[in-house]
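Peer 1: Quick one: the structure is below, questions incoming.
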Amino acid sequence: MPGPRDFSSGISRISLEVRELWELNPPVELFGHVTLVQGYVQPPNFVGCHALVTLRDTPGKTAAVLTSEWRLQRLLETALDTGNLIAFEGQKQTPTPPGWTVDDVYNITSVILYSFK
């Protein structure tokens with residue numbers, strides 16, 4: 001992987017800032033069961049869905065996940081229909097968007113749908 005010295009000064013500064021932001025808010029992988037999926041359109045910023053996921057490793061805690069990717073939405077809908085366990089990877093939104101009643105909201109980049117409950 002190229003280091004900061006491999007880029008020109010302007011690009012290097014930007015890549016270091018991006019890396020610092022990523023280190024402050026790294027992606028996480030969590031496991032749980034989907035309890036709700038809601039698709040919606042909020043032009044011009046968002047077309048997609050959010051889902052509520054009851055976390056497996058933190059009993060009593062629910063996280064919200066957001067995606068505009070229809071393939072991930074389809075996996076979330078299937079998990080809701082079947083009750084099967086999922087894993088999701090994403091970055092926590094900080095601060096939590098206004099009006100949300102859950103503390104943890106994640107922009108997700110992947111979903112794994114397991115065949116067991």
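Naming scheme: A, B, ... for chains in displayed order of the structure tokens; residues 1 onward per chain; ligands 1 onward as shown.
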Using DSSP on the backbone, list every residue of chain A that comes out as helix (DSSP H, G or I), and give them as a compact mmCIF listing (two decimals) with all heavy atoms, in the first residue's frame.
Peer 2:
# COMPACT_ATOMS: atom_id res chain seq x y z
N PRO A 4 2.14 7.97 2.55
CA PRO A 4 1.91 9.39 2.29
C PRO A 4 2.99 10.03 1.42
O PRO A 4 2.71 10.96 0.68
CB PRO A 4 1.92 10.01 3.69
CG PRO A 4 1.61 8.90 4.61
CD PRO A 4 2.12 7.65 3.96
N ARG A 5 4.21 9.51 1.46
CA ARG A 5 5.29 10.10 0.66
C ARG A 5 5.15 9.79 -0.82
O ARG A 5 5.82 10.39 -1.65
CB ARG A 5 6.63 9.60 1.18
CG ARG A 5 6.95 10.10 2.56
CD ARG A 5 8.35 9.71 3.00
NE ARG A 5 8.57 10.13 4.35
CZ ARG A 5 8.56 9.34 5.40
NH1 ARG A 5 8.36 8.05 5.26
NH2 ARG A 5 8.76 9.81 6.61
N ASP A 6 4.29 8.82 -1.15
CA ASP A 6 4.11 8.43 -2.55
C ASP A 6 3.18 9.35 -3.32
O ASP A 6 2.98 9.16 -4.51
CB ASP A 6 3.58 6.99 -2.63
CG ASP A 6 4.56 6.00 -2.05
OD1 ASP A 6 5.78 6.27 -2.10
OD2 ASP A 6 4.11 4.97 -1.54
N SER A 9 1.93 16.67 -2.62
CA SER A 9 1.63 17.29 -1.33
C SER A 9 0.14 17.51 -1.09
O SER A 9 -0.36 17.27 0.00
CB SER A 9 2.38 18.62 -1.20
OG SER A 9 1.97 19.50 -2.22
N GLY A 10 -0.63 17.96 -2.09
CA GLY A 10 -2.06 18.18 -1.90
C GLY A 10 -2.81 16.88 -1.67
O GLY A 10 -3.63 16.77 -0.77
N ILE A 11 -2.51 15.88 -2.47
CA ILE A 11 -3.16 14.58 -2.33
C ILE A 11 -2.75 13.94 -1.00
O ILE A 11 -3.55 13.34 -0.31
CB ILE A 11 -2.78 13.64 -3.50
CG1 ILE A 11 -3.21 14.24 -4.83
CG2 ILE A 11 -3.35 12.26 -3.30
CD1 ILE A 11 -4.70 14.23 -5.06
N SER A 12 -1.50 14.09 -0.63
CA SER A 12 -1.00 13.50 0.61
C SER A 12 -1.75 14.06 1.81
O SER A 12 -2.15 13.33 2.71
CB SER A 12 0.49 13.77 0.76
OG SER A 12 0.94 13.29 1.99
N ARG A 13 -1.96 15.37 1.81
CA ARG A 13 -2.67 16.00 2.91
C ARG A 13 -4.10 15.45 3.01
O ARG A 13 -4.57 15.11 4.07
CB ARG A 13 -2.68 17.52 2.73
CG ARG A 13 -3.37 18.27 3.86
CD ARG A 13 -3.33 19.76 3.67
NE ARG A 13 -3.70 20.22 2.36
CZ ARG A 13 -4.96 20.30 1.90
NH1 ARG A 13 -5.95 19.94 2.67
NH2 ARG A 13 -5.22 20.74 0.69
N ILE A 14 -4.76 15.32 1.85
CA ILE A 14 -6.13 14.81 1.85
C ILE A 14 -6.15 13.36 2.30
O ILE A 14 -6.98 12.96 3.11
CB ILE A 14 -6.76 14.97 0.45
CG1 ILE A 14 -6.97 16.44 0.15
CG2 ILE A 14 -8.06 14.20 0.35
CD1 ILE A 14 -7.35 16.75 -1.27
N SER A 15 -5.21 12.53 1.80
CA SER A 15 -5.22 11.12 2.18
C SER A 15 -4.94 10.95 3.67
O SER A 15 -5.51 10.08 4.30
CB SER A 15 -4.25 10.32 1.33
OG SER A 15 -2.97 10.28 1.86
N LEU A 16 -4.10 11.79 4.25
CA LEU A 16 -3.86 11.71 5.69
C LEU A 16 -5.09 12.11 6.49
O LEU A 16 -5.41 11.50 7.50
CB LEU A 16 -2.67 12.59 6.08
CG LEU A 16 -1.30 12.08 5.66
CD1 LEU A 16 -0.23 13.11 5.98
CD2 LEU A 16 -0.99 10.76 6.32
N GLU A 17 -5.82 13.13 6.01
CA GLU A 17 -7.05 13.54 6.69
C GLU A 17 -8.09 12.43 6.63
O GLU A 17 -8.77 12.16 7.61
CB GLU A 17 -7.61 14.81 6.06
CG GLU A 17 -6.77 16.04 6.36
CD GLU A 17 -7.23 17.27 5.58
OE1 GLU A 17 -8.22 17.18 4.83
OE2 GLU A 17 -6.57 18.31 5.72
N VAL A 18 -8.23 11.78 5.48
CA VAL A 18 -9.18 10.67 5.35
C VAL A 18 -8.79 9.53 6.27
O VAL A 18 -9.62 8.94 6.95
CB VAL A 18 -9.26 10.20 3.87
CG1 VAL A 18 -10.01 8.88 3.76
CG2 VAL A 18 -9.92 11.27 3.02
N ARG A 19 -7.50 9.20 6.32
CA ARG A 19 -7.04 8.13 7.20
C ARG A 19 -7.31 8.46 8.66
O ARG A 19 -7.75 7.61 9.43
CB ARG A 19 -5.56 7.86 7.02
CG ARG A 19 -5.16 6.65 7.88
CD ARG A 19 -3.71 6.45 8.09
NE ARG A 19 -2.94 6.30 6.90
CZ ARG A 19 -1.62 6.29 6.92
NH1 ARG A 19 -0.96 6.40 8.05
NH2 ARG A 19 -0.93 6.15 5.82
N GLU A 20 -7.09 9.70 9.06
CA GLU A 20 -7.35 10.09 10.44
C GLU A 20 -8.84 9.97 10.78
O GLU A 20 -9.20 9.50 11.85
CB GLU A 20 -6.86 11.52 10.69
CG GLU A 20 -5.35 11.63 10.75
CD GLU A 20 -4.87 13.06 10.79
OE1 GLU A 20 -5.70 13.99 10.85
OE2 GLU A 20 -3.64 13.25 10.78
N LEU A 21 -9.71 10.39 9.84
CA LEU A 21 -11.15 10.23 10.06
C LEU A 21 -11.53 8.76 10.17
O LEU A 21 -12.34 8.38 11.01
CB LEU A 21 -11.95 10.89 8.94
CG LEU A 21 -11.97 12.41 8.94
CD1 LEU A 21 -12.64 12.92 7.67
CD2 LEU A 21 -12.69 12.93 10.17
N TRP A 22 -10.95 7.93 9.32
CA TRP A 22 -11.24 6.50 9.35
C TRP A 22 -10.78 5.90 10.67
O TRP A 22 -11.48 5.07 11.25
CB TRP A 22 -10.56 5.80 8.18
CG TRP A 22 -10.88 4.35 8.09
CD1 TRP A 22 -11.96 3.80 7.48
CD2 TRP A 22 -10.14 3.27 8.65
NE1 TRP A 22 -11.93 2.43 7.61
CE2 TRP A 22 -10.82 2.08 8.33
CE3 TRP A 22 -8.95 3.19 9.38
CZ2 TRP A 22 -10.36 0.84 8.71
CZ3 TRP A 22 -8.50 1.93 9.77
CH2 TRP A 22 -9.21 0.79 9.43
N GLU A 23 -9.63 6.32 11.17
CA GLU A 23 -9.13 5.79 12.44
C GLU A 23 -10.00 6.22 13.61
O GLU A 23 -10.15 5.49 14.59
CB GLU A 23 -7.68 6.22 12.66
CG GLU A 23 -6.71 5.50 11.73
CD GLU A 23 -5.30 6.06 11.80
OE1 GLU A 23 -5.08 7.11 12.45
OE2 GLU A 23 -4.41 5.44 11.19
N LEU A 24 -10.61 7.40 13.53
CA LEU A 24 -11.52 7.86 14.57
C LEU A 24 -12.84 7.10 14.55
O LEU A 24 -13.49 6.95 15.58
CB LEU A 24 -11.80 9.36 14.42
CG LEU A 24 -10.65 10.30 14.73
CD1 LEU A 24 -11.02 11.73 14.39
CD2 LEU A 24 -10.25 10.19 16.19
N TRP A 70 -29.68 -1.54 -3.15
CA TRP A 70 -30.86 -2.42 -3.17
C TRP A 70 -30.52 -3.87 -2.86
O TRP A 70 -31.33 -4.60 -2.31
CB TRP A 70 -31.63 -2.30 -4.47
CG TRP A 70 -30.91 -2.83 -5.68
CD1 TRP A 70 -30.08 -2.14 -6.51
CD2 TRP A 70 -30.96 -4.17 -6.18
NE1 TRP A 70 -29.60 -2.96 -7.48
CE2 TRP A 70 -30.13 -4.22 -7.31
CE3 TRP A 70 -31.61 -5.33 -5.78
CZ2 TRP A 70 -29.94 -5.38 -8.05
CZ3 TRP A 70 -31.42 -6.49 -6.51
CH2 TRP A 70 -30.59 -6.50 -7.63
N ARG A 71 -29.30 -4.32 -3.17
CA ARG A 71 -28.92 -5.71 -2.88
C ARG A 71 -28.85 -5.94 -1.37
O ARG A 71 -29.28 -6.97 -0.87
CB ARG A 71 -27.59 -6.04 -3.54
CG ARG A 71 -27.65 -6.10 -5.04
CD ARG A 71 -26.26 -6.21 -5.65
NE ARG A 71 -26.28 -6.08 -7.07
CZ ARG A 71 -26.12 -4.94 -7.72
NH1 ARG A 71 -25.95 -3.81 -7.05
NH2 ARG A 71 -26.15 -4.89 -9.02
N LEU A 72 -28.32 -4.97 -0.65
CA LEU A 72 -28.27 -5.08 0.80
C LEU A 72 -29.68 -4.99 1.40
O LEU A 72 -30.00 -5.70 2.35
CB LEU A 72 -27.36 -4.00 1.39
CG LEU A 72 -25.89 -4.05 0.96
CD1 LEU A 72 -25.11 -2.93 1.65
CD2 LEU A 72 -25.28 -5.40 1.23
N GLN A 73 -30.51 -4.12 0.82
CA GLN A 73 -31.89 -4.01 1.28
C GLN A 73 -32.60 -5.35 1.13
O GLN A 73 -33.33 -5.78 2.01
CB GLN A 73 -32.62 -2.92 0.51
CG GLN A 73 -34.07 -2.77 0.94
CD GLN A 73 -34.76 -1.60 0.28
OE1 GLN A 73 -34.13 -0.68 -0.20
NE2 GLN A 73 -36.08 -1.64 0.25
N ARG A 74 -32.37 -6.02 0.02
CA ARG A 74 -33.02 -7.32 -0.24
C ARG A 74 -32.59 -8.35 0.82
O ARG A 74 -33.42 -9.14 1.29
CB ARG A 74 -32.65 -7.79 -1.65
CG ARG A 74 -33.44 -8.90 -2.15
CD ARG A 74 -34.88 -8.44 -2.48
NE ARG A 74 -35.63 -9.62 -2.79
CZ ARG A 74 -36.64 -10.08 -2.07
NH1 ARG A 74 -37.09 -9.42 -1.05
NH2 ARG A 74 -37.23 -11.19 -2.38
N LEU A 75 -31.31 -8.35 1.19
CA LEU A 75 -30.84 -9.27 2.23
C LEU A 75 -31.48 -8.95 3.58
O LEU A 75 -31.86 -9.85 4.33
CB LEU A 75 -29.31 -9.22 2.34
CG LEU A 75 -28.55 -9.87 1.19
CD1 LEU A 75 -27.06 -9.55 1.30
CD2 LEU A 75 -28.77 -11.37 1.17
N LEU A 76 -31.63 -7.66 3.88
CA LEU A 76 -32.28 -7.27 5.13
C LEU A 76 -33.74 -7.71 5.14
O LEU A 76 -34.25 -8.19 6.16
CB LEU A 76 -32.17 -5.76 5.34
CG LEU A 76 -30.76 -5.22 5.58
CD1 LEU A 76 -30.75 -3.70 5.49
CD2 LEU A 76 -30.22 -5.69 6.91
N GLU A 77 -34.43 -7.56 4.01
CA GLU A 77 -35.82 -7.99 3.92
C GLU A 77 -35.94 -9.50 4.09
O GLU A 77 -36.85 -9.99 4.77
CB GLU A 77 -36.42 -7.56 2.58
CG GLU A 77 -36.61 -6.07 2.45
CD GLU A 77 -36.93 -5.64 1.03
OE1 GLU A 77 -36.78 -6.46 0.08
OE2 GLU A 77 -37.32 -4.48 0.85
N THR A 78 -35.02 -10.25 3.50
CA THR A 78 -35.03 -11.71 3.63
C THR A 78 -34.78 -12.10 5.08
O THR A 78 -35.43 -13.02 5.60
CB THR A 78 -33.98 -12.34 2.71
OG1 THR A 78 -34.27 -11.96 1.36
CG2 THR A 78 -33.96 -13.85 2.83
N ALA A 79 -33.87 -11.42 5.74
CA ALA A 79 -33.60 -11.70 7.16
C ALA A 79 -34.84 -11.43 8.01
O ALA A 79 -35.13 -12.18 8.94
CB ALA A 79 -32.43 -10.86 7.65
N LEU A 80 -35.57 -10.38 7.69
CA LEU A 80 -36.80 -10.09 8.42
C LEU A 80 -37.84 -11.19 8.19
O LEU A 80 -38.48 -11.65 9.13
CB LEU A 80 -37.36 -8.73 7.98
CG LEU A 80 -38.67 -8.30 8.62
CD1 LEU A 80 -38.50 -8.09 10.13
CD2 LEU A 80 -39.19 -7.03 7.97
N ASP A 81 -37.96 -11.64 6.94
CA ASP A 81 -38.93 -12.69 6.60
C ASP A 81 -38.61 -14.02 7.27
O ASP A 81 -39.51 -14.73 7.72
CB ASP A 81 -39.00 -12.91 5.09
CG ASP A 81 -39.67 -11.76 4.36
OD1 ASP A 81 -40.37 -10.96 5.01
OD2 ASP A 81 -39.49 -11.67 3.13
N THR A 82 -37.33 -14.38 7.33
CA THR A 82 -36.93 -15.71 7.82
C THR A 82 -36.58 -15.74 9.29
O THR A 82 -36.59 -16.80 9.90
CB THR A 82 -35.71 -16.22 7.03
OG1 THR A 82 -34.61 -15.33 7.25
CG2 THR A 82 -36.02 -16.34 5.55
Peer 1: Do you know which residues are at most 9 Å from Asp104 of chain A counting only C-alpha atoms, after dropping those on the same chain fewer than 3 positions away, and could you put them as a PDB file with C-alpha atoms, in the first residue's frame?
Peer 2:
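Just written: out.pdb:
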ATOM      1  CA  THR A  62     -30.972  -2.253  19.004  1.00  0.00           C
ATOM      2  CA  ALA A  63     -29.015  -0.614  16.195  1.00  0.00           C
ATOM      3  CA  ALA A  64     -30.301   1.033  13.029  1.00  0.00           C
ATOM      4  CA  VAL A  65     -28.623   0.365   9.702  1.00  0.00           C
ATOM      5  CA  LYS A  92     -21.282   4.458  12.941  1.00  0.00           C
ATOM      6  CA  GLN A  93     -22.854   7.814  12.160  1.00  0.00           C
ATOM      7  CA  THR A  94     -21.731  10.385  14.647  1.00  0.00           C
ATOM      8  CA  THR A  96     -26.881  10.172  15.522  1.00  0.00           C
TER       9      THR A  96
END
Peer 1: Find the spatial neighbours of segment 55-58 of chain A, counting only C-alpha atoms, within a cut-off of 9 Å - ignore same-chain residues fewer than 2 positions away - and output them as a short mmCIF file (atom, residue, chain, number, x, y, z; two decimals) with all heavy atoms, in the first residue's frame.
Peer 2:
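around20.cif, freshly written:
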data_model
loop_
_atom_site.label_atom_id
_atom_site.label_comp_id
_atom_site.auth_asym_id
_atom_site.auth_seq_id
_atom_site.Cartn_x
_atom_site.Cartn_y
_atom_site.Cartn_z
N LEU A 30 -21.08 -6.31 13.30
CA LEU A 30 -21.98 -6.69 14.38
C LEU A 30 -22.95 -7.75 13.89
O LEU A 30 -23.19 -7.87 12.68
CB LEU A 30 -22.75 -5.46 14.87
CG LEU A 30 -21.90 -4.34 15.48
CD1 LEU A 30 -22.74 -3.10 15.72
CD2 LEU A 30 -21.24 -4.79 16.76
N PHE A 31 -23.51 -8.49 14.82
CA PHE A 31 -24.43 -9.59 14.51
C PHE A 31 -25.77 -9.35 15.18
O PHE A 31 -25.82 -8.79 16.27
CB PHE A 31 -23.85 -10.92 15.02
CG PHE A 31 -22.54 -11.29 14.39
CD1 PHE A 31 -21.35 -10.79 14.90
CD2 PHE A 31 -22.51 -12.12 13.29
CE1 PHE A 31 -20.14 -11.12 14.32
CE2 PHE A 31 -21.30 -12.45 12.70
CZ PHE A 31 -20.12 -11.95 13.22
N GLY A 32 -26.85 -9.78 14.53
CA GLY A 32 -28.15 -9.64 15.16
C GLY A 32 -29.27 -10.11 14.27
O GLY A 32 -29.06 -10.72 13.23
N HIS A 33 -30.50 -9.82 14.71
CA HIS A 33 -31.71 -10.20 14.00
C HIS A 33 -32.48 -8.95 13.60
O HIS A 33 -32.66 -8.04 14.41
CB HIS A 33 -32.58 -11.11 14.87
CG HIS A 33 -31.97 -12.45 15.09
ND1 HIS A 33 -31.10 -12.72 16.12
CD2 HIS A 33 -32.09 -13.60 14.39
CE1 HIS A 33 -30.72 -13.97 16.06
NE2 HIS A 33 -31.31 -14.54 15.01
N VAL A 34 -32.95 -8.92 12.36
CA VAL A 34 -33.69 -7.78 11.83
C VAL A 34 -35.12 -7.82 12.37
O VAL A 34 -35.78 -8.85 12.32
CB VAL A 34 -33.70 -7.80 10.29
CG1 VAL A 34 -34.54 -6.66 9.74
CG2 VAL A 34 -32.27 -7.72 9.75
N VAL A 53 -31.96 -3.64 13.96
CA VAL A 53 -31.32 -4.93 14.21
C VAL A 53 -31.12 -5.09 15.71
O VAL A 53 -30.45 -4.26 16.34
CB VAL A 53 -29.95 -5.02 13.49
CG1 VAL A 53 -29.28 -6.35 13.77
CG2 VAL A 53 -30.12 -4.81 11.99
N GLY A 60 -30.63 -6.66 24.58
CA GLY A 60 -31.44 -5.49 24.90
C GLY A 60 -31.08 -4.25 24.10
O GLY A 60 -31.70 -3.21 24.26
N LYS A 61 -30.07 -4.33 23.22
CA LYS A 61 -29.65 -3.16 22.45
C LYS A 61 -30.06 -3.34 20.99
O LYS A 61 -29.92 -4.41 20.41
CB LYS A 61 -28.14 -2.97 22.55
CG LYS A 61 -27.69 -1.68 21.94
CD LYS A 61 -26.33 -1.28 22.42
CE LYS A 61 -26.03 0.11 21.92
NZ LYS A 61 -24.83 0.64 22.44
N THR A 62 -30.56 -2.26 20.40
CA THR A 62 -30.97 -2.25 19.00
C THR A 62 -30.18 -1.20 18.26
O THR A 62 -29.95 -0.10 18.76
CB THR A 62 -32.48 -1.94 18.89
OG1 THR A 62 -33.21 -2.96 19.57
CG2 THR A 62 -32.93 -1.89 17.45
N ALA A 63 -29.73 -1.55 17.06
CA ALA A 63 -29.01 -0.61 16.20
C ALA A 63 -29.83 -0.40 14.93
O ALA A 63 -30.60 -1.28 14.52
CB ALA A 63 -27.64 -1.16 15.84
N LEU A 85 -30.17 -15.05 11.37
CA LEU A 85 -29.11 -14.18 11.87
C LEU A 85 -28.43 -13.47 10.71
O LEU A 85 -28.24 -14.05 9.64
CB LEU A 85 -28.08 -15.01 12.63
CG LEU A 85 -26.90 -14.27 13.24
CD1 LEU A 85 -27.36 -13.48 14.46
CD2 LEU A 85 -25.82 -15.25 13.64
#
Peer 1: For a test of reading the model, state the distance in Å between atom CA of Pro44 of chain A and atom CA of Gln91 of chain A, rounded to one decimal.
Peer 2: 21.8 Å
Peer 1: Between A:Leu52, A:Val105, A:Val28, A:Val47, which residue has the minimum interatomic distance to Phe88 of chain A, considering only C-alpha atoms?
Peer 2: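 Once distances to Phe88 of chain A are computed over only C-alpha atoms, the minimum belongs to A:Val28.
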Peer 1: Could you tell me which of A:Gly83, A:Pro26, A:Gly90, A:Pro95 comes closest to Asn107 of chain A if we count only C-alpha atoms?
Peer 2: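 For Asn107 of chain A, the nearest of the candidates is A:Gly90.
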Peer 1: Restricting the calculation to only C-alpha atoms, which member of A:Asp103, A:Pro59, A:Thr67, A:Lys117 is positioned closest to Val37 of chain A?
Peer 2: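 Closest to Val37 of chain A of all the choices is A:Thr67.
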Peer 1: Could you pull out all residues of segment 9-108 of chain A with a DSSP call of strand (DSSP E) and give them as a ChimeraX atom specification?
Peer 2: /A:28-42,46-55,62-67,86-92,104-108
